[in-house]
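Single-structure report; data block below.
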Amino acid sequence: MQDVVEKVYEQVVARNRGEAEFHQAVREVLESLDPVIAKHPHYAENALLERIVEPERQIMFRVPWVDDAGEVHVNRGFRIEFNSALGPYKGGLRFHPSVNAGIIKFLGFEQIFKNALTGQGIGGGKGGSDFDPHGKSDAEVMRFCQSFMTELSRHIGPNTDVPAGDIGVGGREIGYLFGQYKRLRNSYDAGVLTGKGLAWGGSLVRTEATGYGTVLFAQSMLATKGDSLEGKTVAVSGAGNVAIYAIEKAQQLGAKPITFSDSSGYVVDEAGVDLELLKQVKEVERGRVADYVSRRPGARLVTEGRPWDVPVDVALPCATQNELDADNAATLLRNGCAVVAEGANMPSTPEAIEAFQAAGILYAPGKASNAGGVATSALEMEQNAGRTRWDFATAEAKLTGIMADIHDSCVEAAETYGRPGDYVLGANAAGFTRVADVMIAHGIV
Ligand code: GLU
């Protein structure tokens, strides 16, 4: 990295001690920005890098709640309002035991550039809690969400900060959160949360959007080589919203997804994933991937290693950060994998990314390829503001158009800065310049 960029990185490490994932996310962006800063010195002169790595606001709060047995628990709640240059802070809430300030900060930082890439008016934010919804009753999840929102409601609003789902936060949680917000404010501000139910302000396609978008991005990358997903085998990790709808779209485009996973292991189904069964197990029953295997002849559960051990043409990491390391990358490459599109946030380690890029395969960073979820959230906000509802085809056509635009912006920026085909540089440079130009227009704030 150039000296000026390196200095910013060192300050980030010194100021945010122990927040390894945040350092990693910042480093990836800053490394890409070398040619951008060299070409446009006014960004450095306006201390744009120093400002963009510092959250505008960071909120941390106590979330006390009572379980079904009457025992009191205390979790920690977070909301990071990272950057509002382009619009209200926008980003999901993650409920997972691994959540801490550093994880939320890395996610919020990624969100700035992802949201900018969508071309919509949304700033970057993120939040969550170290609460684990697994194994909790609906009533416990409800009481937790109500307590969480009792504090969060002071900080959010349709023009201020608009949370949504992420790992551990789906339709059920958004419902409880919205109900409590509405009660506290005595106001039906539909646009304060996205990922809502269809009967109360939600948008068609929001559920499918992240997974669909990831696969559409992979298809666009393949199209630059005159190729397509037709007939390709696909390894998917995760078994949540993103993974399920990545599998669905991949099947629609003629590919054959053969894996998915959760924390208990990964499933290999050489005949191709039975999507209806997977939805039944994960969405209806909230079960484990083993429940799929017990009902699907020919499928097997593997409890050692990762889905990346299975030979495939395309890999779609749709689970969580740093789930694909250098060894996994080497295995994928050895087995002939030629496309990696990230459905999760920062699933590949820096060493894995380096290996993909050195091998010259098509590699899409999550902030570009998984932006379809938040893009459709912005479409939900648009419908809420207009008190209207679009049908599935309308919303899906908009998502498809946005993903194509994101792909083309990445390609164009990579060419502008002299590294054609480098989607990491393309995504970071295109996202950064959009935010940076507006920050300059707004003055030193
Ligand atoms: N959590 C998703 C993401 O990582 C979606 C955020 C949203 O819809 O606001 O982009």
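FYI, nothing fancy with the structure tokens labels: chains A, B, ... in order, residues from 1 per chain, ligands from 1 as they appear.
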Tell me, which residues of segment 12-141 of chain A carry DSSP strand (DSSP E or B), written as a compact mmCIF listing (two decimals) with N, CA, C and O atoms, in the first residue's frame?
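After the write, selection-v7.txt holds the following:
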# COMPACT_ATOMS: atom_id res chain seq x y z
N ARG A 57 -21.32 6.96 14.21
CA ARG A 57 -21.88 6.74 15.56
C ARG A 57 -21.91 5.23 15.84
O ARG A 57 -22.15 4.43 14.93
N GLN A 58 -21.69 4.90 17.12
CA GLN A 58 -21.68 3.48 17.49
C GLN A 58 -22.44 3.35 18.80
O GLN A 58 -22.12 4.03 19.77
N ILE A 59 -23.44 2.48 18.81
CA ILE A 59 -24.30 2.36 19.98
C ILE A 59 -24.17 0.96 20.55
O ILE A 59 -24.21 -0.03 19.81
N MET A 60 -24.03 0.88 21.87
CA MET A 60 -23.91 -0.43 22.51
C MET A 60 -24.83 -0.40 23.73
O MET A 60 -24.80 0.57 24.47
N PHE A 61 -25.63 -1.43 23.89
CA PHE A 61 -26.61 -1.35 24.98
C PHE A 61 -26.92 -2.71 25.61
O PHE A 61 -26.69 -3.76 25.01
N ARG A 62 -27.44 -2.63 26.82
CA ARG A 62 -27.82 -3.83 27.56
C ARG A 62 -29.19 -4.31 27.11
O ARG A 62 -30.10 -3.51 26.92
N VAL A 63 -29.31 -5.63 26.90
CA VAL A 63 -30.60 -6.20 26.52
C VAL A 63 -31.00 -7.28 27.53
O VAL A 63 -30.65 -8.45 27.38
N PRO A 64 -31.73 -6.90 28.57
CA PRO A 64 -32.16 -7.88 29.56
C PRO A 64 -33.47 -8.53 29.12
O PRO A 64 -34.33 -7.87 28.53
N TRP A 65 -33.62 -9.81 29.37
CA TRP A 65 -34.86 -10.49 29.01
C TRP A 65 -35.06 -11.70 29.92
O TRP A 65 -34.11 -12.17 30.56
N VAL A 66 -36.29 -12.19 29.97
CA VAL A 66 -36.64 -13.27 30.89
C VAL A 66 -37.01 -14.51 30.09
O VAL A 66 -37.84 -14.44 29.17
N VAL A 72 -33.54 -14.58 34.42
CA VAL A 72 -33.17 -13.34 33.73
C VAL A 72 -31.84 -13.53 32.98
O VAL A 72 -30.89 -14.09 33.53
N HIS A 73 -31.79 -13.06 31.74
CA HIS A 73 -30.55 -13.11 30.95
C HIS A 73 -30.19 -11.70 30.50
O HIS A 73 -31.07 -10.85 30.34
N VAL A 74 -28.91 -11.49 30.27
CA VAL A 74 -28.47 -10.19 29.76
C VAL A 74 -27.62 -10.42 28.52
O VAL A 74 -26.60 -11.11 28.57
N ASN A 75 -28.07 -9.86 27.40
CA ASN A 75 -27.25 -9.88 26.19
C ASN A 75 -26.78 -8.46 25.89
O ASN A 75 -27.18 -7.51 26.54
N ARG A 76 -25.91 -8.36 24.88
CA ARG A 76 -25.41 -7.06 24.49
C ARG A 76 -25.95 -6.71 23.11
O ARG A 76 -25.95 -7.54 22.21
N GLY A 77 -26.47 -5.50 22.98
CA GLY A 77 -26.99 -5.04 21.70
C GLY A 77 -26.05 -4.03 21.06
O GLY A 77 -25.34 -3.30 21.78
N PHE A 78 -26.03 -4.01 19.72
CA PHE A 78 -25.15 -3.10 18.99
C PHE A 78 -25.91 -2.48 17.81
O PHE A 78 -26.76 -3.14 17.19
N ARG A 79 -25.59 -1.23 17.51
CA ARG A 79 -25.95 -0.66 16.22
C ARG A 79 -24.83 0.29 15.84
O ARG A 79 -24.45 1.15 16.64
N ILE A 80 -24.31 0.08 14.65
CA ILE A 80 -23.27 0.98 14.17
C ILE A 80 -23.84 1.78 13.02
O ILE A 80 -24.39 1.22 12.08
N GLU A 81 -23.77 3.09 13.14
CA GLU A 81 -24.26 3.99 12.08
C GLU A 81 -23.02 4.54 11.43
O GLU A 81 -22.43 5.51 11.87
N PHE A 82 -22.60 3.83 10.36
CA PHE A 82 -21.24 4.05 9.85
C PHE A 82 -21.13 5.24 8.92
O PHE A 82 -20.23 6.05 9.06
N ASN A 83 -22.03 5.34 7.96
CA ASN A 83 -21.88 6.41 6.97
C ASN A 83 -23.24 6.76 6.39
O ASN A 83 -23.95 5.89 5.90
N TYR A 89 -28.79 5.40 7.24
CA TYR A 89 -28.01 4.19 7.51
C TYR A 89 -28.88 2.99 7.18
O TYR A 89 -30.07 2.95 7.49
N LYS A 90 -28.29 1.99 6.54
CA LYS A 90 -29.08 0.82 6.13
C LYS A 90 -28.22 -0.41 6.27
O LYS A 90 -27.07 -0.45 5.82
N GLY A 91 -28.78 -1.44 6.90
CA GLY A 91 -28.05 -2.69 7.05
C GLY A 91 -28.74 -3.57 8.06
O GLY A 91 -29.60 -3.10 8.83
N GLY A 92 -28.40 -4.82 8.05
CA GLY A 92 -29.13 -5.80 8.84
C GLY A 92 -28.77 -5.84 10.31
O GLY A 92 -27.89 -5.12 10.80
N LEU A 93 -29.49 -6.71 11.02
CA LEU A 93 -29.22 -7.04 12.42
C LEU A 93 -28.84 -8.51 12.45
O LEU A 93 -29.53 -9.34 11.86
N ARG A 94 -27.74 -8.82 13.13
CA ARG A 94 -27.31 -10.22 13.25
C ARG A 94 -27.46 -10.66 14.70
O ARG A 94 -26.91 -10.03 15.59
N PHE A 95 -28.22 -11.75 14.91
CA PHE A 95 -28.30 -12.34 16.25
C PHE A 95 -27.53 -13.65 16.21
O PHE A 95 -27.98 -14.66 15.65
N GLY A 123 -27.25 4.74 3.06
CA GLY A 123 -25.96 4.77 3.75
C GLY A 123 -25.65 3.40 4.34
O GLY A 123 -26.37 2.43 4.09
N GLY A 124 -24.59 3.34 5.13
CA GLY A 124 -24.15 2.04 5.66
C GLY A 124 -24.32 1.94 7.16
O GLY A 124 -23.91 2.83 7.91
N GLY A 125 -24.93 0.85 7.61
CA GLY A 125 -25.08 0.58 9.05
C GLY A 125 -25.17 -0.92 9.29
O GLY A 125 -25.27 -1.71 8.35
N LYS A 126 -25.13 -1.31 10.52
CA LYS A 126 -25.29 -2.74 10.88
C LYS A 126 -25.54 -2.83 12.37
O LYS A 126 -25.20 -1.90 13.11
N GLY A 127 -26.10 -3.93 12.80
CA GLY A 127 -26.33 -4.07 14.24
C GLY A 127 -26.52 -5.52 14.59
O GLY A 127 -26.37 -6.41 13.76
N GLY A 128 -26.89 -5.74 15.85
CA GLY A 128 -27.15 -7.11 16.25
C GLY A 128 -26.93 -7.33 17.72
O GLY A 128 -26.88 -6.38 18.52
N SER A 129 -26.79 -8.61 18.05
CA SER A 129 -26.62 -8.99 19.45
C SER A 129 -25.96 -10.35 19.52
O SER A 129 -26.05 -11.15 18.57
Any idea what's packed within 7 Å of segment 335-345 of chain A, counting only C-alpha atoms, ignoring anything in its chain fewer than 6 positions away? Could you give it as a list in words?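 Once the nearby chain positions are removed, what remains is Thr210, Gly211, Thr214, Ala218, Val242, Pro311, Val312, Asp313, Val314, Ala315, Leu316, Pro317, Cys318, Ala319, Thr320, Gln321, Ile361, Leu362, Tyr363, Ala364, Pro365, Gly366, Lys367, Ser369 and Asn370 of chain A.
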Just N, CA and C atoms for this one: save the residues we selected as a short mmCIF file (atom, residue, chain, number, x, y, z; two decimals), in the first residue's frame.
data_model
loop_
_atom_site.label_atom_id
_atom_site.label_comp_id
_atom_site.auth_asym_id
_atom_site.auth_seq_id
_atom_site.Cartn_x
_atom_site.Cartn_y
_atom_site.Cartn_z
N THR A 210 -31.09 -11.95 -1.85
CA THR A 210 -29.63 -12.07 -1.70
C THR A 210 -29.11 -13.28 -2.49
N GLY A 211 -29.79 -14.40 -2.33
CA GLY A 211 -29.37 -15.61 -3.04
C GLY A 211 -29.53 -15.47 -4.55
N THR A 214 -26.83 -13.16 -5.96
CA THR A 214 -25.49 -13.77 -5.99
C THR A 214 -25.32 -14.62 -7.24
N ALA A 218 -22.94 -14.20 -10.63
CA ALA A 218 -22.08 -15.27 -11.18
C ALA A 218 -22.36 -15.46 -12.67
N VAL A 242 -30.01 -17.07 2.32
CA VAL A 242 -29.13 -16.79 1.18
C VAL A 242 -28.86 -18.08 0.42
N PRO A 311 -15.62 -31.64 -5.52
CA PRO A 311 -15.27 -31.08 -6.84
C PRO A 311 -16.50 -30.46 -7.53
N VAL A 312 -16.38 -29.17 -7.87
CA VAL A 312 -17.48 -28.44 -8.53
C VAL A 312 -16.90 -27.40 -9.49
N ASP A 313 -17.78 -26.88 -10.34
CA ASP A 313 -17.39 -25.80 -11.26
C ASP A 313 -17.51 -24.43 -10.61
N VAL A 314 -18.48 -24.30 -9.70
CA VAL A 314 -18.82 -22.99 -9.13
C VAL A 314 -18.95 -23.12 -7.61
N ALA A 315 -18.40 -22.16 -6.86
CA ALA A 315 -18.55 -22.17 -5.40
C ALA A 315 -19.27 -20.91 -4.96
N LEU A 316 -20.30 -21.10 -4.12
CA LEU A 316 -21.07 -19.96 -3.60
C LEU A 316 -21.05 -20.01 -2.07
N PRO A 317 -20.08 -19.34 -1.45
CA PRO A 317 -20.06 -19.32 0.02
C PRO A 317 -21.19 -18.42 0.55
N CYS A 318 -22.15 -19.02 1.21
CA CYS A 318 -23.35 -18.29 1.65
C CYS A 318 -23.58 -18.46 3.16
N ALA A 319 -22.51 -18.74 3.92
CA ALA A 319 -22.70 -18.98 5.35
C ALA A 319 -22.23 -17.78 6.17
N THR A 320 -20.90 -17.61 6.34
CA THR A 320 -20.45 -16.55 7.25
C THR A 320 -19.01 -16.13 6.94
N GLN A 321 -18.49 -15.19 7.74
CA GLN A 321 -17.15 -14.65 7.46
C GLN A 321 -16.06 -15.70 7.65
N ILE A 361 -9.24 -16.94 -11.86
CA ILE A 361 -10.64 -17.37 -12.01
C ILE A 361 -11.58 -16.18 -11.77
N LEU A 362 -12.85 -16.37 -12.03
CA LEU A 362 -13.85 -15.33 -11.79
C LEU A 362 -14.17 -15.33 -10.30
N TYR A 363 -13.83 -14.23 -9.62
CA TYR A 363 -14.07 -14.14 -8.18
C TYR A 363 -14.80 -12.85 -7.85
N ALA A 364 -15.99 -12.97 -7.23
CA ALA A 364 -16.78 -11.79 -6.87
C ALA A 364 -16.83 -11.62 -5.36
N PRO A 365 -16.38 -10.46 -4.86
CA PRO A 365 -16.47 -10.22 -3.42
C PRO A 365 -17.92 -9.96 -3.02
N GLY A 366 -18.26 -10.36 -1.79
CA GLY A 366 -19.64 -10.26 -1.31
C GLY A 366 -20.24 -8.89 -1.46
N LYS A 367 -19.46 -7.86 -1.25
CA LYS A 367 -20.07 -6.53 -1.28
C LYS A 367 -20.65 -6.20 -2.65
N SER A 369 -21.47 -9.10 -5.02
CA SER A 369 -22.38 -10.18 -5.43
C SER A 369 -23.53 -10.43 -4.45
N ASN A 370 -23.40 -9.99 -3.17
CA ASN A 370 -24.56 -10.23 -2.29
C ASN A 370 -25.39 -8.98 -2.04
#
If you count only C-alpha atoms, which residues fall within 12 Å of Asn46 of chain A, apart from same-chain ones fewer than 2 positions away, as a PDB file with all heavy atoms, in the first residue's frame?
ATOM      1  N   ILE A  37      -6.426   6.559  -5.180  1.00  0.00           N
ATOM      2  CA  ILE A  37      -5.821   7.695  -4.468  1.00  0.00           C
ATOM      3  C   ILE A  37      -4.724   8.319  -5.329  1.00  0.00           C
ATOM      4  O   ILE A  37      -4.572   9.537  -5.389  1.00  0.00           O
ATOM      5  CB  ILE A  37      -5.231   7.217  -3.108  1.00  0.00           C
ATOM      6  CG1 ILE A  37      -6.331   6.594  -2.240  1.00  0.00           C
ATOM      7  CG2 ILE A  37      -4.532   8.345  -2.371  1.00  0.00           C
ATOM      8  CD1 ILE A  37      -7.456   7.522  -1.866  1.00  0.00           C
ATOM      9  N   HIS A  40      -6.522  10.366  -8.006  1.00  0.00           N
ATOM     10  CA  HIS A  40      -7.328  11.495  -7.502  1.00  0.00           C
ATOM     11  C   HIS A  40      -6.795  11.967  -6.158  1.00  0.00           C
ATOM     12  O   HIS A  40      -7.339  11.618  -5.103  1.00  0.00           O
ATOM     13  CB  HIS A  40      -8.795  11.072  -7.322  1.00  0.00           C
ATOM     14  CG  HIS A  40      -9.417  10.461  -8.529  1.00  0.00           C
ATOM     15  ND1 HIS A  40      -9.773  11.186  -9.640  1.00  0.00           N
ATOM     16  CD2 HIS A  40      -9.744   9.175  -8.814  1.00  0.00           C
ATOM     17  CE1 HIS A  40     -10.297  10.375 -10.555  1.00  0.00           C
ATOM     18  NE2 HIS A  40     -10.286   9.148 -10.083  1.00  0.00           N
ATOM     19  N   PRO A  41      -5.741  12.794  -6.159  1.00  0.00           N
ATOM     20  CA  PRO A  41      -5.125  13.200  -4.884  1.00  0.00           C
ATOM     21  C   PRO A  41      -6.081  13.965  -3.973  1.00  0.00           C
ATOM     22  O   PRO A  41      -5.863  14.009  -2.760  1.00  0.00           O
ATOM     23  CB  PRO A  41      -3.961  14.094  -5.313  1.00  0.00           C
ATOM     24  CG  PRO A  41      -3.943  14.129  -6.793  1.00  0.00           C
ATOM     25  CD  PRO A  41      -5.072  13.342  -7.346  1.00  0.00           C
ATOM     26  N   HIS A  42      -7.158  14.538  -4.519  1.00  0.00           N
ATOM     27  CA  HIS A  42      -8.045  15.320  -3.650  1.00  0.00           C
ATOM     28  C   HIS A  42      -8.734  14.460  -2.593  1.00  0.00           C
ATOM     29  O   HIS A  42      -9.147  14.962  -1.565  1.00  0.00           O
ATOM     30  CB  HIS A  42      -9.074  16.122  -4.461  1.00  0.00           C
ATOM     31  CG  HIS A  42     -10.097  15.288  -5.169  1.00  0.00           C
ATOM     32  ND1 HIS A  42      -9.800  14.511  -6.260  1.00  0.00           N
ATOM     33  CD2 HIS A  42     -11.415  15.106  -4.927  1.00  0.00           C
ATOM     34  CE1 HIS A  42     -10.899  13.890  -6.669  1.00  0.00           C
ATOM     35  NE2 HIS A  42     -11.899  14.236  -5.881  1.00  0.00           N
ATOM     36  N   TYR A  43      -8.818  13.139  -2.821  1.00  0.00           N
ATOM     37  CA  TYR A  43      -9.407  12.293  -1.773  1.00  0.00           C
ATOM     38  C   TYR A  43      -8.521  12.311  -0.527  1.00  0.00           C
ATOM     39  O   TYR A  43      -8.999  12.446   0.590  1.00  0.00           O
ATOM     40  CB  TYR A  43      -9.579  10.852  -2.262  1.00  0.00           C
ATOM     41  CG  TYR A  43     -10.667  10.668  -3.300  1.00  0.00           C
ATOM     42  CD1 TYR A  43     -10.477   9.815  -4.380  1.00  0.00           C
ATOM     43  CD2 TYR A  43     -11.886  11.341  -3.186  1.00  0.00           C
ATOM     44  CE1 TYR A  43     -11.480   9.631  -5.331  1.00  0.00           C
ATOM     45  CE2 TYR A  43     -12.887  11.162  -4.138  1.00  0.00           C
ATOM     46  CZ  TYR A  43     -12.677  10.307  -5.208  1.00  0.00           C
ATOM     47  OH  TYR A  43     -13.663  10.129  -6.140  1.00  0.00           O
ATOM     48  N   ALA A  44      -7.213  12.186  -0.735  1.00  0.00           N
ATOM     49  CA  ALA A  44      -6.286  12.202   0.405  1.00  0.00           C
ATOM     50  C   ALA A  44      -6.280  13.586   1.042  1.00  0.00           C
ATOM     51  O   ALA A  44      -6.286  13.718   2.270  1.00  0.00           O
ATOM     52  CB  ALA A  44      -4.896  11.803  -0.058  1.00  0.00           C
ATOM     53  N   LEU A  48     -10.329  11.826   3.224  1.00  0.00           N
ATOM     54  CA  LEU A  48     -11.460  10.940   2.973  1.00  0.00           C
ATOM     55  C   LEU A  48     -11.254   9.562   3.588  1.00  0.00           C
ATOM     56  O   LEU A  48     -12.176   8.985   4.151  1.00  0.00           O
ATOM     57  CB  LEU A  48     -11.648  10.809   1.448  1.00  0.00           C
ATOM     58  CG  LEU A  48     -12.973  11.266   0.920  1.00  0.00           C
ATOM     59  CD1 LEU A  48     -14.117  10.608   1.654  1.00  0.00           C
ATOM     60  CD2 LEU A  48     -13.118  12.772   1.037  1.00  0.00           C
ATOM     61  N   LEU A  49     -10.034   9.049   3.461  1.00  0.00           N
ATOM     62  CA  LEU A  49      -9.785   7.705   4.009  1.00  0.00           C
ATOM     63  C   LEU A  49      -9.925   7.715   5.522  1.00  0.00           C
ATOM     64  O   LEU A  49     -10.588   6.843   6.099  1.00  0.00           O
ATOM     65  CB  LEU A  49      -8.387   7.216   3.615  1.00  0.00           C
ATOM     66  CG  LEU A  49      -8.147   7.001   2.125  1.00  0.00           C
ATOM     67  CD1 LEU A  49      -6.733   6.497   1.882  1.00  0.00           C
ATOM     68  CD2 LEU A  49      -9.154   6.001   1.558  1.00  0.00           C
ATOM     69  N   GLU A  50      -9.324   8.715   6.164  1.00  0.00           N
ATOM     70  CA  GLU A  50      -9.412   8.805   7.632  1.00  0.00           C
ATOM     71  C   GLU A  50     -10.866   8.916   8.076  1.00  0.00           C
ATOM     72  O   GLU A  50     -11.262   8.361   9.100  1.00  0.00           O
ATOM     73  CB  GLU A  50      -8.657  10.040   8.148  1.00  0.00           C
ATOM     74  CG  GLU A  50      -7.147   9.941   8.076  1.00  0.00           C
ATOM     75  CD  GLU A  50      -6.592  10.409   6.733  1.00  0.00           C
ATOM     76  OE1 GLU A  50      -7.344  10.390   5.723  1.00  0.00           O
ATOM     77  OE2 GLU A  50      -5.405  10.772   6.679  1.00  0.00           O
ATOM     78  N   ARG A  51     -11.670   9.641   7.316  1.00  0.00           N
ATOM     79  CA  ARG A  51     -13.070   9.828   7.722  1.00  0.00           C
ATOM     80  C   ARG A  51     -13.914   8.592   7.457  1.00  0.00           C
ATOM     81  O   ARG A  51     -14.777   8.218   8.246  1.00  0.00           O
ATOM     82  CB  ARG A  51     -13.656  11.054   6.993  1.00  0.00           C
ATOM     83  CG  ARG A  51     -13.109  12.359   7.579  1.00  0.00           C
ATOM     84  CD  ARG A  51     -13.945  13.539   7.145  1.00  0.00           C
ATOM     85  NE  ARG A  51     -13.644  13.986   5.797  1.00  0.00           N
ATOM     86  CZ  ARG A  51     -14.527  14.567   4.981  1.00  0.00           C
ATOM     87  NH1 ARG A  51     -15.769  14.742   5.362  1.00  0.00           N
ATOM     88  NH2 ARG A  51     -14.168  14.975   3.784  1.00  0.00           N
ATOM     89  N   ILE A  52     -13.663   7.921   6.331  1.00  0.00           N
ATOM     90  CA  ILE A  52     -14.550   6.817   5.952  1.00  0.00           C
ATOM     91  C   ILE A  52     -14.348   5.574   6.839  1.00  0.00           C
ATOM     92  O   ILE A  52     -15.259   4.752   6.977  1.00  0.00           O
ATOM     93  CB  ILE A  52     -14.390   6.491   4.443  1.00  0.00           C
ATOM     94  CG1 ILE A  52     -15.729   6.039   3.861  1.00  0.00           C
ATOM     95  CG2 ILE A  52     -13.302   5.465   4.196  1.00  0.00           C
ATOM     96  CD1 ILE A  52     -15.805   6.105   2.362  1.00  0.00           C
ATOM     97  N   ALA A 436     -17.293   8.824  -1.557  1.00  0.00           N
ATOM     98  CA  ALA A 436     -16.299   9.881  -1.328  1.00  0.00           C
ATOM     99  C   ALA A 436     -16.712  11.179  -2.009  1.00  0.00           C
ATOM    100  O   ALA A 436     -16.600  12.260  -1.420  1.00  0.00           O
ATOM    101  CB  ALA A 436     -14.933   9.416  -1.834  1.00  0.00           C
ATOM    102  N   ASP A 437     -17.215  11.089  -3.230  1.00  0.00           N
ATOM    103  CA  ASP A 437     -17.613  12.316  -3.943  1.00  0.00           C
ATOM    104  C   ASP A 437     -18.723  13.041  -3.197  1.00  0.00           C
ATOM    105  O   ASP A 437     -18.735  14.272  -3.112  1.00  0.00           O
ATOM    106  CB  ASP A 437     -18.052  11.977  -5.378  1.00  0.00           C
ATOM    107  CG  ASP A 437     -16.870  11.535  -6.239  1.00  0.00           C
ATOM    108  OD1 ASP A 437     -15.709  11.773  -5.834  1.00  0.00           O
ATOM    109  OD2 ASP A 437     -17.103  10.915  -7.304  1.00  0.00           O
ATOM    110  N   MET A 439     -19.329  12.778   0.071  1.00  0.00           N
ATOM    111  CA  MET A 439     -18.764  13.307   1.322  1.00  0.00           C
ATOM    112  C   MET A 439     -18.057  14.642   1.062  1.00  0.00           C
ATOM    113  O   MET A 439     -18.141  15.567   1.865  1.00  0.00           O
ATOM    114  CB  MET A 439     -17.806  12.289   1.946  1.00  0.00           C
ATOM    115  CG  MET A 439     -18.529  11.111   2.589  1.00  0.00           C
ATOM    116  SD  MET A 439     -17.422   9.825   3.189  1.00  0.00           S
ATOM    117  CE  MET A 439     -16.711  10.619   4.632  1.00  0.00           C
ATOM    118  N   ILE A 440     -17.393  14.747  -0.050  1.00  0.00           N
ATOM    119  CA  ILE A 440     -16.728  16.016  -0.379  1.00  0.00           C
ATOM    120  C   ILE A 440     -17.784  17.099  -0.601  1.00  0.00           C
ATOM    121  O   ILE A 440     -17.681  18.221  -0.086  1.00  0.00           O
ATOM    122  CB  ILE A 440     -15.801  15.849  -1.606  1.00  0.00           C
ATOM    123  CG1 ILE A 440     -14.591  15.000  -1.180  1.00  0.00           C
ATOM    124  CG2 ILE A 440     -15.361  17.213  -2.142  1.00  0.00           C
ATOM    125  CD1 ILE A 440     -13.640  14.657  -2.292  1.00  0.00           C
ATOM    126  N   ALA A 441     -18.846  16.762  -1.315  1.00  0.00           N
ATOM    127  CA  ALA A 441     -19.925  17.737  -1.565  1.00  0.00           C
ATOM    128  C   ALA A 441     -20.560  18.221  -0.259  1.00  0.00           C
ATOM    129  O   ALA A 441     -20.977  19.371  -0.141  1.00  0.00           O
ATOM    130  CB  ALA A 441     -20.998  17.115  -2.465  1.00  0.00           C
ATOM    131  N   HIS A 442     -20.626  17.336   0.738  1.00  0.00           N
ATOM    132  CA  HIS A 442     -21.265  17.696   2.011  1.00  0.00           C
ATOM    133  C   HIS A 442     -20.337  18.471   2.953  1.00  0.00           C
ATOM    134  O   HIS A 442     -20.767  18.870   4.038  1.00  0.00           O
ATOM    135  CB  HIS A 442     -21.758  16.425   2.731  1.00  0.00           C
ATOM    136  CG  HIS A 442     -22.968  15.797   2.082  1.00  0.00           C
ATOM    137  ND1 HIS A 442     -23.477  14.588   2.468  1.00  0.00           N
ATOM    138  CD2 HIS A 442     -23.749  16.223   1.050  1.00  0.00           C
ATOM    139  CE1 HIS A 442     -24.540  14.279   1.718  1.00  0.00           C
ATOM    140  NE2 HIS A 442     -24.720  15.258   0.843  1.00  0.00           N
ATOM    141  N   GLY A 443     -19.082  18.635   2.574  1.00  0.00           N
ATOM    142  CA  GLY A 443     -18.139  19.362   3.442  1.00  0.00           C
ATOM    143  C   GLY A 443     -17.604  18.478   4.554  1.00  0.00           C
ATOM    144  O   GLY A 443     -17.860  17.281   4.605  1.00  0.00           O
ATOM    145  N   ILE A 444     -16.867  19.109   5.456  1.00  0.00           N
ATOM    146  CA  ILE A 444     -16.244  18.347   6.564  1.00  0.00           C
ATOM    147  C   ILE A 444     -17.297  18.184   7.660  1.00  0.00           C
ATOM    148  O   ILE A 444     -17.500  19.096   8.476  1.00  0.00           O
ATOM    149  CB  ILE A 444     -14.994  19.067   7.109  1.00  0.00           C
ATOM    150  CG1 ILE A 444     -14.021  19.438   5.987  1.00  0.00           C
ATOM    151  CG2 ILE A 444     -14.309  18.210   8.180  1.00  0.00           C
ATOM    152  CD1 ILE A 444     -13.399  18.256   5.248  1.00  0.00           C
ATOM    153  N   VAL A 445     -17.986  17.020   7.608  1.00  0.00           N
ATOM    154  CA  VAL A 445     -19.041  16.758   8.618  1.00  0.00           C
ATOM    155  C   VAL A 445     -18.837  15.377   9.218  1.00  0.00           C
ATOM    156  O   VAL A 445     -18.184  14.539   8.647  1.00  0.00           O
ATOM    157  CB  VAL A 445     -20.472  16.837   8.006  1.00  0.00           C
ATOM    158  CG1 VAL A 445     -20.814  18.284   7.697  1.00  0.00           C
ATOM    159  CG2 VAL A 445     -20.609  15.965   6.771  1.00  0.00           C
TER     160      VAL A 445
END
Within 6 Å of ligand 1 (only C-alpha atoms and all ligand atoms), residues as a PyMOL selection string: chain A and resi 90-92+163-166+371+373-374+377
Exercise: Gln120 of chain A partners within 10 Å, only C-alpha atoms, chain neighbours under 6 positions left out, as a list in words: Leu86, Gly87, Val374, Ala375, Ala378, Leu379 and Ile402 of chain A
DSSP on the backbone: which residues in segment 9-229 of chain A end up as alpha helix (DSSP H)? Give the answer as a ChimeraX atom specification. /A:9-15,20-39,41-45,48-52,101-117,138-152,171-185,206-223
Would you list the contacts of segment 271-278 of chain A as a PyMOL selection string, taking every protein, DNA or RNA residue within 12 Å and counting only C-alpha atoms, but skipping same-chain residues closer than 2 positions in sequence? chain A and resi 231-236+238-241+243-252+254-261+267-269+280-300
